[in-house]
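Undergrad: File name query14.csv; file contents CSV, C-alpha atoms; full text below.
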```csv
chain,number,residue,atom,x,y,z
A,1,MET,CA,-25.7,-39.2,-14.8
A,2,ASN,CA,-23.3,-36.7,-16.4
A,3,LYS,CA,-25.9,-34.0,-15.9
A,4,MET,CA,-26.1,-34.8,-12.2
A,5,LYS,CA,-22.3,-34.6,-11.8
A,6,TRP,CA,-22.2,-31.3,-13.7
A,7,MET,CA,-24.9,-29.8,-11.4
A,8,VAL,CA,-23.0,-31.0,-8.3
A,9,LEU,CA,-19.8,-29.4,-9.5
A,10,VAL,CA,-21.7,-26.1,-10.2
A,11,VAL,CA,-23.2,-26.1,-6.7
A,12,MET,CA,-19.8,-26.9,-5.1
A,13,ALA,CA,-18.2,-24.1,-7.1
A,14,VAL,CA,-20.9,-21.6,-6.1
A,15,LEU,CA,-20.6,-22.6,-2.4
A,16,MET,CA,-16.8,-22.3,-2.5
A,17,MET,CA,-16.9,-18.8,-4.2
A,18,GLY,CA,-19.6,-17.7,-1.7
A,19,GLY,CA,-17.5,-18.8,1.2
A,20,CYS,CA,-14.4,-17.0,0.0
A,21,THR,CA,-15.4,-13.4,0.7
A,22,PRO,CA,-12.7,-10.7,0.4
A,23,ALA,CA,-12.6,-10.4,4.2
A,24,LYS,CA,-12.0,-14.1,4.6
A,25,LYS,CA,-9.4,-14.1,1.8
A,26,TYR,CA,-7.6,-11.1,3.4
A,27,LYS,CA,-7.5,-12.8,6.8
A,28,HIS,CA,-6.2,-16.0,5.3
A,29,GLU,CA,-3.5,-14.2,3.4
A,30,LEU,CA,-2.5,-12.2,6.5
A,31,LYS,CA,-2.3,-15.4,8.6
A,32,ARG,CA,-0.4,-17.3,5.9
A,33,GLY,CA,2.0,-14.4,5.4
A,34,LEU,CA,2.9,-14.0,9.1
A,35,ALA,CA,3.1,-17.7,9.6
A,36,SER,CA,5.6,-18.1,6.7
A,37,GLY,CA,8.3,-16.4,8.8
A,38,VAL,CA,9.5,-14.7,5.6
A,39,ARG,CA,10.5,-11.1,5.8
A,40,TYR,CA,10.0,-8.5,3.1
A,41,ASP,CA,11.5,-5.3,4.5
A,42,SER,CA,12.3,-3.6,1.2
A,43,LEU,CA,10.2,-0.5,0.5
A,44,PHE,CA,11.5,1.8,-2.3
A,45,MET,CA,14.5,4.1,-3.0
A,46,GLY,CA,16.8,2.2,-0.7
A,47,LEU,CA,14.4,2.5,2.3
A,48,SER,CA,13.3,-0.5,4.3
A,49,PHE,CA,11.4,-1.5,7.5
A,50,GLY,CA,13.6,-1.4,10.5
A,51,MET,CA,15.7,1.6,9.5
A,52,THR,CA,16.4,4.1,12.3
A,53,GLU,CA,15.5,7.8,11.9
A,54,ASN,CA,19.2,8.6,11.3
A,55,GLU,CA,19.4,5.9,8.6
A,56,PHE,CA,16.2,7.2,6.9
A,57,PHE,CA,17.5,10.8,6.9
A,58,ASP,CA,20.9,9.7,5.5
A,59,VAL,CA,19.2,7.9,2.6
A,60,CYS,CA,17.0,10.9,2.0
A,61,TRP,CA,19.9,13.3,2.2
A,62,GLU,CA,21.7,11.3,-0.5
A,63,LEU,CA,18.5,11.2,-2.7
A,64,ASN,CA,18.1,15.0,-2.3
A,65,ARG,CA,21.8,15.6,-3.1
A,66,ASP,CA,21.2,13.7,-6.3
A,67,SER,CA,18.1,15.8,-7.0
A,68,LEU,CA,15.8,12.8,-6.8
A,69,VAL,CA,13.7,14.0,-3.9
A,70,ARG,CA,13.0,17.3,-2.1
A,71,GLN,CA,11.1,18.5,0.9
A,72,GLY,CA,7.5,17.7,0.6
A,73,LEU,CA,4.2,19.3,1.8
A,74,ASN,CA,4.7,21.8,4.7
A,75,ASN,CA,8.3,20.4,5.1
A,76,MET,CA,6.7,17.4,6.8
A,77,SER,CA,7.4,14.8,4.1
A,78,VAL,CA,9.7,13.7,1.3
A,79,GLN,CA,8.5,14.5,-2.2
A,80,TYR,CA,9.3,12.6,-5.3
A,81,GLN,CA,8.2,13.8,-8.8
A,82,MET,CA,7.0,10.8,-10.9
A,83,LYS,CA,7.5,11.5,-14.5
A,84,ASP,CA,7.3,8.1,-16.2
A,85,GLU,CA,6.1,5.6,-13.5
A,86,LEU,CA,2.4,6.2,-14.0
A,87,LYS,CA,0.1,7.0,-16.9
A,88,TYR,CA,0.4,10.7,-16.2
A,89,PRO,CA,3.0,12.8,-14.3
A,90,ALA,CA,2.3,12.6,-10.5
A,91,THR,CA,3.8,13.5,-7.1
A,92,MET,CA,4.3,11.2,-4.2
A,93,ASN,CA,4.9,12.4,-0.6
A,94,PHE,CA,6.1,10.0,2.1
A,95,TYR,CA,7.2,10.0,5.7
A,96,PRO,CA,7.5,6.9,7.9
A,97,VAL,CA,6.0,5.9,11.2
A,98,PHE,CA,9.0,5.3,13.5
A,99,ALA,CA,7.6,2.8,16.2
A,100,ASN,CA,10.3,2.4,18.9
A,101,GLY,CA,12.7,4.4,16.8
A,102,ARG,CA,12.6,2.2,13.6
A,103,ILE,CA,10.5,2.4,10.4
A,104,ALA,CA,7.4,0.2,11.0
A,105,GLU,CA,5.0,1.8,8.4
A,106,MET,CA,5.4,4.0,5.3
A,107,PRO,CA,2.4,6.0,4.2
A,108,VAL,CA,2.8,7.3,0.7
A,109,ARG,CA,0.4,9.9,-0.7
A,110,PHE,CA,-0.1,10.3,-4.5
A,111,ILE,CA,-1.7,12.9,-6.7
A,112,TYR,CA,-1.7,13.4,-10.5
A,113,ASP,CA,0.0,16.7,-11.2
A,114,GLY,CA,-2.8,17.6,-13.7
A,115,TRP,CA,-5.7,16.8,-11.4
A,116,ALA,CA,-8.7,19.1,-11.6
A,117,PRO,CA,-12.4,18.4,-10.8
A,118,TRP,CA,-13.3,18.4,-14.5
A,119,ASN,CA,-10.3,16.2,-15.5
A,120,LYS,CA,-11.8,12.7,-15.1
A,121,GLU,CA,-8.8,11.0,-16.7
A,122,GLU,CA,-6.6,12.1,-13.7
A,123,SER,CA,-9.1,11.3,-11.0
A,124,ALA,CA,-8.2,9.4,-7.8
A,125,THR,CA,-10.2,6.4,-9.1
A,126,ASN,CA,-7.9,6.1,-12.1
A,127,LEU,CA,-4.8,7.0,-10.0
A,128,ALA,CA,-5.5,4.1,-7.6
A,129,LEU,CA,-5.6,1.7,-10.4
A,130,ASP,CA,-2.5,3.2,-11.9
A,131,VAL,CA,-0.6,3.0,-8.6
A,132,LYS,CA,-1.8,-0.7,-8.2
A,133,HIS,CA,-0.5,-1.5,-11.7
A,134,TRP,CA,2.8,0.2,-10.9
A,135,TYR,CA,3.2,-1.6,-7.6
A,136,GLU,CA,2.4,-4.9,-9.3
A,137,GLY,CA,5.4,-4.3,-11.6
A,138,ILE,CA,7.6,-3.8,-8.5
A,139,TYR,CA,6.2,-6.0,-5.8
A,140,GLY,CA,4.4,-8.6,-7.9
A,141,LYS,CA,0.8,-9.4,-8.7
A,142,GLY,CA,-1.5,-10.7,-6.0
A,143,PHE,CA,-3.4,-7.5,-4.9
A,144,ILE,CA,-6.9,-8.4,-3.8
A,145,THR,CA,-9.9,-6.0,-3.4
A,146,VAL,CA,-11.1,-5.6,0.2
A,147,GLU,CA,-13.4,-3.3,2.1
A,148,HIS,CA,-11.2,-0.9,4.1
A,149,PRO,CA,-12.8,-0.3,7.6
A,150,PHE,CA,-12.8,3.5,7.1
A,151,LYS,CA,-12.0,4.2,3.4
A,152,GLY,CA,-14.2,1.9,1.4
A,153,GLU,CA,-12.8,-0.2,-1.4
A,154,ALA,CA,-9.1,-0.8,-1.2
A,155,TYR,CA,-6.4,-3.0,-2.8
A,156,THR,CA,-4.1,-5.0,-0.6
A,157,LYS,CA,-1.2,-7.4,-1.0
A,158,ILE,CA,0.5,-9.4,1.8
A,159,ASP,CA,4.0,-10.9,1.4
A,160,GLY,CA,5.3,-12.3,4.6
A,161,ASN,CA,5.4,-9.5,7.1
A,162,ARG,CA,4.8,-6.7,4.5
A,163,ARG,CA,1.3,-5.5,3.7
A,164,ILE,CA,0.7,-2.9,1.0
A,165,THR,CA,-2.7,-1.2,1.0
A,166,ILE,CA,-3.9,1.3,-1.7
A,167,TYR,CA,-7.0,3.3,-1.1
A,168,ILE,CA,-8.7,6.6,-2.3
A,169,GLU,CA,-8.6,9.5,0.2
A,170,SER,CA,-10.6,12.0,-1.9
A,171,ASP,CA,-11.2,13.0,-5.5
A,172,GLN,CA,-7.5,14.1,-5.6
A,173,TYR,CA,-5.5,11.8,-3.4
A,174,VAL,CA,-4.6,8.1,-3.1
A,175,TRP,CA,-2.6,6.5,-0.3
A,176,GLY,CA,-0.3,3.5,-0.7
A,177,ILE,CA,0.5,2.3,2.8
A,178,PHE,CA,3.4,-0.2,3.6
A,179,THR,CA,3.0,-1.8,7.0
A,180,ASP,CA,5.2,-4.3,8.8
A,181,MET,CA,2.5,-6.5,10.1
A,182,SER,CA,4.9,-8.2,12.5
A,183,ARG,CA,5.0,-4.9,14.3
A,184,GLU,CA,1.3,-4.0,14.2
A,185,ALA,CA,0.9,-3.8,18.0
A,186,GLU,CA,3.9,-1.3,18.1
A,187,ILE,CA,2.3,0.8,15.4
A,188,LYS,CA,-1.0,1.0,17.1
A,189,ALA,CA,0.6,1.9,20.4
A,190,PHE,CA,2.7,4.6,18.7
A,191,LYS,CA,-0.3,6.1,17.0
A,192,ALA,CA,-2.4,6.0,20.2
A,193,ASN,CA,0.4,7.8,22.1
A,194,LYS,CA,0.8,10.4,19.3
A,195,GLN,CA,-3.0,11.3,19.6
A,196,ASN,CA,-2.8,11.8,23.3
```
Could you rewrite the structure in this file as structure tokens?

TA:
Amino acid sequence: MNKMKWMVLVVMAVLMMGGCTPAKKYKHELKRGLASGVRYDSLFMGLSFGMTENEFFDVCWELNRDSLVRQGLNNMSVQYQMKDELKYPATMNFYPVFANGRIAEMPVRFIYDGWAPWNKEESATNLALDVKHWYEGIYGKGFITVEHPFKGEAYTKIDGNRRITIYIESDQYVWGIFTDMSREAEIKAFKANKQN
């Protein structure tokens, strides 16, 4: 009889694990997060969802004045030199998506400063794991591995309205995208209008 109970438990465990695919787990986490009504608007460096463009520029002006950030790539982003946050020195560039005049999404692009095709220690694969570990220290554990619809394997974490997604762009670059999921329709409309 004990053997039969053990087999039933094993079969149930296998069925439960098989039914909990990463996609299902992601959808469950998203639904649970949005249904909670809890808001997590904090991003980093004093920036948050809902800030106006003027508020964003004011914060960045102060950060620049304190020599913490500078103009980023092609003067189209804000650049922050990461000296101790990750395993190796890195650079992050960021600039928000202002849907209806307020920050709704914050794409952040990372690269190890010592990246080279032959330097496997500073590859994007290692960088993605390093960024995930760093984010876990700030935003808490709970990242799950999912299949990004365009970028392949990604790590994502949902807290209330805030989704953080980390994925590899190329051998060099990794993205960490903060999205206010309560404003997803606004973000999609903004991006569609920008492409037209």

Undergrad: Hey, can you check how far CA of Tyr95 in chain A sits from CA of Asp180 in chain A?

TA: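 Interatomic distance, CA of Tyr95 in chain A to CA of Asp180 in chain A: 14.8 Å.
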
Undergrad: Smallest atom-to-atom distance to Lys157 in chain A: which of A:Leu127, A:Ile144, A:Val69, A:Ala99, using all atoms listed in the file?

TA: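 Closest residue, counting all atoms listed in the file: A:Ile144.
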
Undergrad: When you count all atoms listed in the file, which of these residues is closest to Ser67 in chain A: A:Gln79, A:Pro107, A:Thr156, A:Glu136?

TA: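 For Ser67 in chain A, the nearest of the given residues is A:Gln79.
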
Undergrad: Find the residue from A:Val174, A:Ile138, A:Ala192, A:Ile103 that sits nearest to Glu122 in chain A; use all atoms listed in the file when measuring.

TA: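 Nearest candidate to Glu122 in chain A out of A:Val174, A:Ile138, A:Ala192, A:Ile103: A:Val174.
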
Undergrad: Between A:Ala154, A:Met106, A:Ala189, A:Leu129, which is the closest to Asp41 in chain A once you count all atoms listed in the file?

TA: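 Selected residue with least distance to Asp41 in chain A: A:Met106.
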
Undergrad: Please identify all polymer residues within 12 Å of Leu73 in chain A, counting only C-alpha atoms, omitting same-chain residues fewer than 4 positions from it, and present them as an NGL selection string.

TA: :A and (77-80 or 91-95 or 109-110)

Undergrad: Calculate how many Å separate CA of Ala124 in chain A from CA of Tyr173 in chain A, rounding to one decimal.

TA: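 According to the coordinates, CA of Ala124 in chain A and CA of Tyr173 in chain A are separated by 5.7 Å.
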
Undergrad: What is the distance between CA of Ser170 in chain A and CA of Lys191 in chain A, in Å to one decimal?

TA: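 Those two atoms sit 22.3 Å apart.
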
Undergrad: Between A:Leu63, A:Val97, A:Leu43, A:Leu68, which is the closest to Ile187 in chain A once you count all atoms listed in the file?

TA: A:Val97

Undergrad: Using all atoms listed in the file, can you tell me which of A:Lys188, A:Arg183, A:Lys83, A:Arg39 comes closest to Arg102 in chain A?

TA: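 Going through A:Lys188, A:Arg183, A:Lys83, A:Arg39 one by one, the smallest distance to Arg102 in chain A is for A:Arg183.
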
Undergrad: If we count all atoms listed in the file, what is near Trp175 in chain A at a cut-off of 6 Å, once residues fewer than 2 positions away on the same chain are taken out, given as a ChimeraX atom specification?

TA: /A:108-109,166-167

Undergrad: Could you get me a file of range 77-123 of chain A with N, CA and C atoms, as a PDB file, in the first residue's frame, taken from the block above?

TA:
```pdb
ATOM      1  N   SER A  77      20.063  59.088 -24.942  1.00  0.00           N
ATOM      2  CA  SER A  77      19.804  58.338 -23.714  1.00  0.00           C
ATOM      3  C   SER A  77      20.628  58.940 -22.588  1.00  0.00           C
ATOM      4  N   VAL A  78      20.402  58.402 -21.407  1.00  0.00           N
ATOM      5  CA  VAL A  78      21.174  58.778 -20.227  1.00  0.00           C
ATOM      6  C   VAL A  78      22.120  57.611 -19.951  1.00  0.00           C
ATOM      7  N   GLN A  79      23.378  57.928 -19.687  1.00  0.00           N
ATOM      8  CA  GLN A  79      24.380  56.884 -19.475  1.00  0.00           C
ATOM      9  C   GLN A  79      24.878  56.879 -18.039  1.00  0.00           C
ATOM     10  N   TYR A  80      24.984  55.683 -17.491  1.00  0.00           N
ATOM     11  CA  TYR A  80      25.488  55.496 -16.136  1.00  0.00           C
ATOM     12  C   TYR A  80      26.614  54.476 -16.174  1.00  0.00           C
ATOM     13  N   GLN A  81      27.761  54.832 -15.631  1.00  0.00           N
ATOM     14  CA  GLN A  81      28.912  53.930 -15.567  1.00  0.00           C
ATOM     15  C   GLN A  81      28.801  53.089 -14.297  1.00  0.00           C
ATOM     16  N   MET A  82      28.724  51.798 -14.475  1.00  0.00           N
ATOM     17  CA  MET A  82      28.583  50.851 -13.367  1.00  0.00           C
ATOM     18  C   MET A  82      29.968  50.323 -13.008  1.00  0.00           C
ATOM     19  N   LYS A  83      30.445  50.703 -11.852  1.00  0.00           N
ATOM     20  CA  LYS A  83      31.786  50.283 -11.448  1.00  0.00           C
ATOM     21  C   LYS A  83      31.756  49.039 -10.565  1.00  0.00           C
ATOM     22  N   ASP A  84      30.842  48.995  -9.615  1.00  0.00           N
ATOM     23  CA  ASP A  84      30.831  47.911  -8.623  1.00  0.00           C
ATOM     24  C   ASP A  84      29.540  47.096  -8.588  1.00  0.00           C
ATOM     25  N   GLU A  85      28.550  47.480  -9.349  1.00  0.00           N
ATOM     26  CA  GLU A  85      27.247  46.827  -9.261  1.00  0.00           C
ATOM     27  C   GLU A  85      27.257  45.401  -9.814  1.00  0.00           C
ATOM     28  N   LEU A  86      28.037  45.189 -10.875  1.00  0.00           N
ATOM     29  CA  LEU A  86      28.083  43.893 -11.535  1.00  0.00           C
ATOM     30  C   LEU A  86      29.452  43.253 -11.341  1.00  0.00           C
ATOM     31  N   LYS A  87      29.607  42.059 -11.870  1.00  0.00           N
ATOM     32  CA  LYS A  87      30.864  41.322 -11.718  1.00  0.00           C
ATOM     33  C   LYS A  87      32.029  42.059 -12.368  1.00  0.00           C
ATOM     34  N   TYR A  88      31.762  42.726 -13.517  1.00  0.00           N
ATOM     35  CA  TYR A  88      32.770  43.500 -14.239  1.00  0.00           C
ATOM     36  C   TYR A  88      32.203  44.902 -14.476  1.00  0.00           C
ATOM     37  N   PRO A  89      33.072  45.911 -14.673  1.00  0.00           N
ATOM     38  CA  PRO A  89      32.564  47.249 -14.994  1.00  0.00           C
ATOM     39  C   PRO A  89      31.678  47.205 -16.247  1.00  0.00           C
ATOM     40  N   ALA A  90      30.610  47.973 -16.208  1.00  0.00           N
ATOM     41  CA  ALA A  90      29.638  47.961 -17.303  1.00  0.00           C
ATOM     42  C   ALA A  90      29.057  49.356 -17.490  1.00  0.00           C
ATOM     43  N   THR A  91      28.333  49.513 -18.578  1.00  0.00           N
ATOM     44  CA  THR A  91      27.649  50.771 -18.885  1.00  0.00           C
ATOM     45  C   THR A  91      26.177  50.467 -19.105  1.00  0.00           C
ATOM     46  N   MET A  92      25.332  51.312 -18.526  1.00  0.00           N
ATOM     47  CA  MET A  92      23.904  51.195 -18.803  1.00  0.00           C
ATOM     48  C   MET A  92      23.405  52.507 -19.399  1.00  0.00           C
ATOM     49  N   ASN A  93      22.589  52.388 -20.442  1.00  0.00           N
ATOM     50  CA  ASN A  93      21.950  53.526 -21.087  1.00  0.00           C
ATOM     51  C   ASN A  93      20.448  53.350 -20.960  1.00  0.00           C
ATOM     52  N   PHE A  94      19.752  54.450 -20.664  1.00  0.00           N
ATOM     53  CA  PHE A  94      18.307  54.345 -20.496  1.00  0.00           C
ATOM     54  C   PHE A  94      17.626  55.620 -20.977  1.00  0.00           C
ATOM     55  N   TYR A  95      16.401  55.456 -21.422  1.00  0.00           N
ATOM     56  CA  TYR A  95      15.541  56.581 -21.775  1.00  0.00           C
ATOM     57  C   TYR A  95      14.110  56.055 -21.789  1.00  0.00           C
ATOM     58  N   PRO A  96      13.192  56.725 -21.095  1.00  0.00           N
ATOM     59  CA  PRO A  96      11.837  56.171 -20.929  1.00  0.00           C
ATOM     60  C   PRO A  96      10.937  56.321 -22.146  1.00  0.00           C
ATOM     61  N   VAL A  97       9.870  55.531 -22.121  1.00  0.00           N
ATOM     62  CA  VAL A  97       8.745  55.688 -23.036  1.00  0.00           C
ATOM     63  C   VAL A  97       7.733  56.541 -22.278  1.00  0.00           C
ATOM     64  N   PHE A  98       7.409  57.709 -22.850  1.00  0.00           N
ATOM     65  CA  PHE A  98       6.435  58.620 -22.238  1.00  0.00           C
ATOM     66  C   PHE A  98       5.088  58.432 -22.933  1.00  0.00           C
ATOM     67  N   ALA A  99       4.264  57.542 -22.449  1.00  0.00           N
ATOM     68  CA  ALA A  99       2.926  57.365 -22.999  1.00  0.00           C
ATOM     69  C   ALA A  99       2.022  58.392 -22.340  1.00  0.00           C
ATOM     70  N   ASN A 100       1.337  59.182 -23.150  1.00  0.00           N
ATOM     71  CA  ASN A 100       0.483  60.260 -22.661  1.00  0.00           C
ATOM     72  C   ASN A 100       1.241  61.204 -21.724  1.00  0.00           C
ATOM     73  N   GLY A 101       2.520  61.443 -22.055  1.00  0.00           N
ATOM     74  CA  GLY A 101       3.317  62.436 -21.338  1.00  0.00           C
ATOM     75  C   GLY A 101       3.910  61.980 -20.011  1.00  0.00           C
ATOM     76  N   ARG A 102       3.754  60.699 -19.658  1.00  0.00           N
ATOM     77  CA  ARG A 102       4.276  60.202 -18.381  1.00  0.00           C
ATOM     78  C   ARG A 102       5.016  58.880 -18.594  1.00  0.00           C
ATOM     79  N   ILE A 103       6.035  58.637 -17.772  1.00  0.00           N
ATOM     80  CA  ILE A 103       6.828  57.416 -17.911  1.00  0.00           C
ATOM     81  C   ILE A 103       5.930  56.199 -17.707  1.00  0.00           C
ATOM     82  N   ALA A 104       5.904  55.337 -18.738  1.00  0.00           N
ATOM     83  CA  ALA A 104       5.124  54.100 -18.680  1.00  0.00           C
ATOM     84  C   ALA A 104       6.033  52.877 -18.828  1.00  0.00           C
ATOM     85  N   GLU A 105       7.220  53.105 -19.404  1.00  0.00           N
ATOM     86  CA  GLU A 105       8.166  52.016 -19.604  1.00  0.00           C
ATOM     87  C   GLU A 105       9.577  52.592 -19.570  1.00  0.00           C
ATOM     88  N   MET A 106      10.529  51.784 -19.072  1.00  0.00           N
ATOM     89  CA  MET A 106      11.919  52.241 -19.001  1.00  0.00           C
ATOM     90  C   MET A 106      12.838  51.147 -19.544  1.00  0.00           C
ATOM     91  N   PRO A 107      13.200  51.248 -20.824  1.00  0.00           N
ATOM     92  CA  PRO A 107      14.171  50.313 -21.388  1.00  0.00           C
ATOM     93  C   PRO A 107      15.586  50.699 -20.938  1.00  0.00           C
ATOM     94  N   VAL A 108      16.343  49.701 -20.473  1.00  0.00           N
ATOM     95  CA  VAL A 108      17.711  49.914 -20.003  1.00  0.00           C
ATOM     96  C   VAL A 108      18.612  48.942 -20.762  1.00  0.00           C
ATOM     97  N   ARG A 109      19.639  49.485 -21.430  1.00  0.00           N
ATOM     98  CA  ARG A 109      20.555  48.653 -22.222  1.00  0.00           C
ATOM     99  C   ARG A 109      21.907  48.565 -21.513  1.00  0.00           C
ATOM    100  N   PHE A 110      22.402  47.334 -21.336  1.00  0.00           N
ATOM    101  CA  PHE A 110      23.652  47.078 -20.625  1.00  0.00           C
ATOM    102  C   PHE A 110      24.710  46.510 -21.558  1.00  0.00           C
ATOM    103  N   ILE A 111      25.976  46.845 -21.274  1.00  0.00           N
ATOM    104  CA  ILE A 111      27.117  46.204 -21.929  1.00  0.00           C
ATOM    105  C   ILE A 111      28.284  46.198 -20.944  1.00  0.00           C
ATOM    106  N   TYR A 112      29.006  45.093 -20.897  1.00  0.00           N
ATOM    107  CA  TYR A 112      30.243  45.079 -20.128  1.00  0.00           C
ATOM    108  C   TYR A 112      31.255  45.943 -20.864  1.00  0.00           C
ATOM    109  N   ASP A 113      31.982  46.786 -20.139  1.00  0.00           N
ATOM    110  CA  ASP A 113      32.956  47.677 -20.766  1.00  0.00           C
ATOM    111  C   ASP A 113      34.085  46.915 -21.453  1.00  0.00           C
ATOM    112  N   GLY A 114      34.420  45.729 -20.963  1.00  0.00           N
ATOM    113  CA  GLY A 114      35.511  44.946 -21.541  1.00  0.00           C
ATOM    114  C   GLY A 114      35.056  43.923 -22.558  1.00  0.00           C
ATOM    115  N   TRP A 115      33.831  44.091 -23.081  1.00  0.00           N
ATOM    116  CA  TRP A 115      33.330  43.094 -24.030  1.00  0.00           C
ATOM    117  C   TRP A 115      34.209  43.025 -25.270  1.00  0.00           C
ATOM    118  N   ALA A 116      34.454  41.818 -25.744  1.00  0.00           N
ATOM    119  CA  ALA A 116      35.113  41.543 -27.023  1.00  0.00           C
ATOM    120  C   ALA A 116      34.655  40.152 -27.445  1.00  0.00           C
ATOM    121  N   PRO A 117      34.614  39.878 -28.743  1.00  0.00           N
ATOM    122  CA  PRO A 117      34.128  38.562 -29.193  1.00  0.00           C
ATOM    123  C   PRO A 117      34.887  37.389 -28.553  1.00  0.00           C
ATOM    124  N   TRP A 118      36.152  37.576 -28.247  1.00  0.00           N
ATOM    125  CA  TRP A 118      36.966  36.501 -27.665  1.00  0.00           C
ATOM    126  C   TRP A 118      36.922  36.473 -26.137  1.00  0.00           C
ATOM    127  N   ASN A 119      36.297  37.480 -25.522  1.00  0.00           N
ATOM    128  CA  ASN A 119      36.226  37.565 -24.063  1.00  0.00           C
ATOM    129  C   ASN A 119      34.907  36.954 -23.582  1.00  0.00           C
ATOM    130  N   LYS A 120      34.881  35.628 -23.431  1.00  0.00           N
ATOM    131  CA  LYS A 120      33.647  34.920 -23.076  1.00  0.00           C
ATOM    132  C   LYS A 120      33.157  35.253 -21.665  1.00  0.00           C
ATOM    133  N   GLU A 121      34.064  35.654 -20.765  1.00  0.00           N
ATOM    134  CA  GLU A 121      33.661  36.024 -19.407  1.00  0.00           C
ATOM    135  C   GLU A 121      32.723  37.235 -19.408  1.00  0.00           C
ATOM    136  N   GLU A 122      32.888  38.105 -20.406  1.00  0.00           N
ATOM    137  CA  GLU A 122      32.075  39.318 -20.466  1.00  0.00           C
ATOM    138  C   GLU A 122      31.090  39.265 -21.636  1.00  0.00           C
ATOM    139  N   SER A 123      30.557  38.064 -21.870  1.00  0.00           N
ATOM    140  CA  SER A 123      29.558  37.879 -22.922  1.00  0.00           C
ATOM    141  C   SER A 123      28.188  38.339 -22.429  1.00  0.00           C
TER     142      SER A 123
END
```
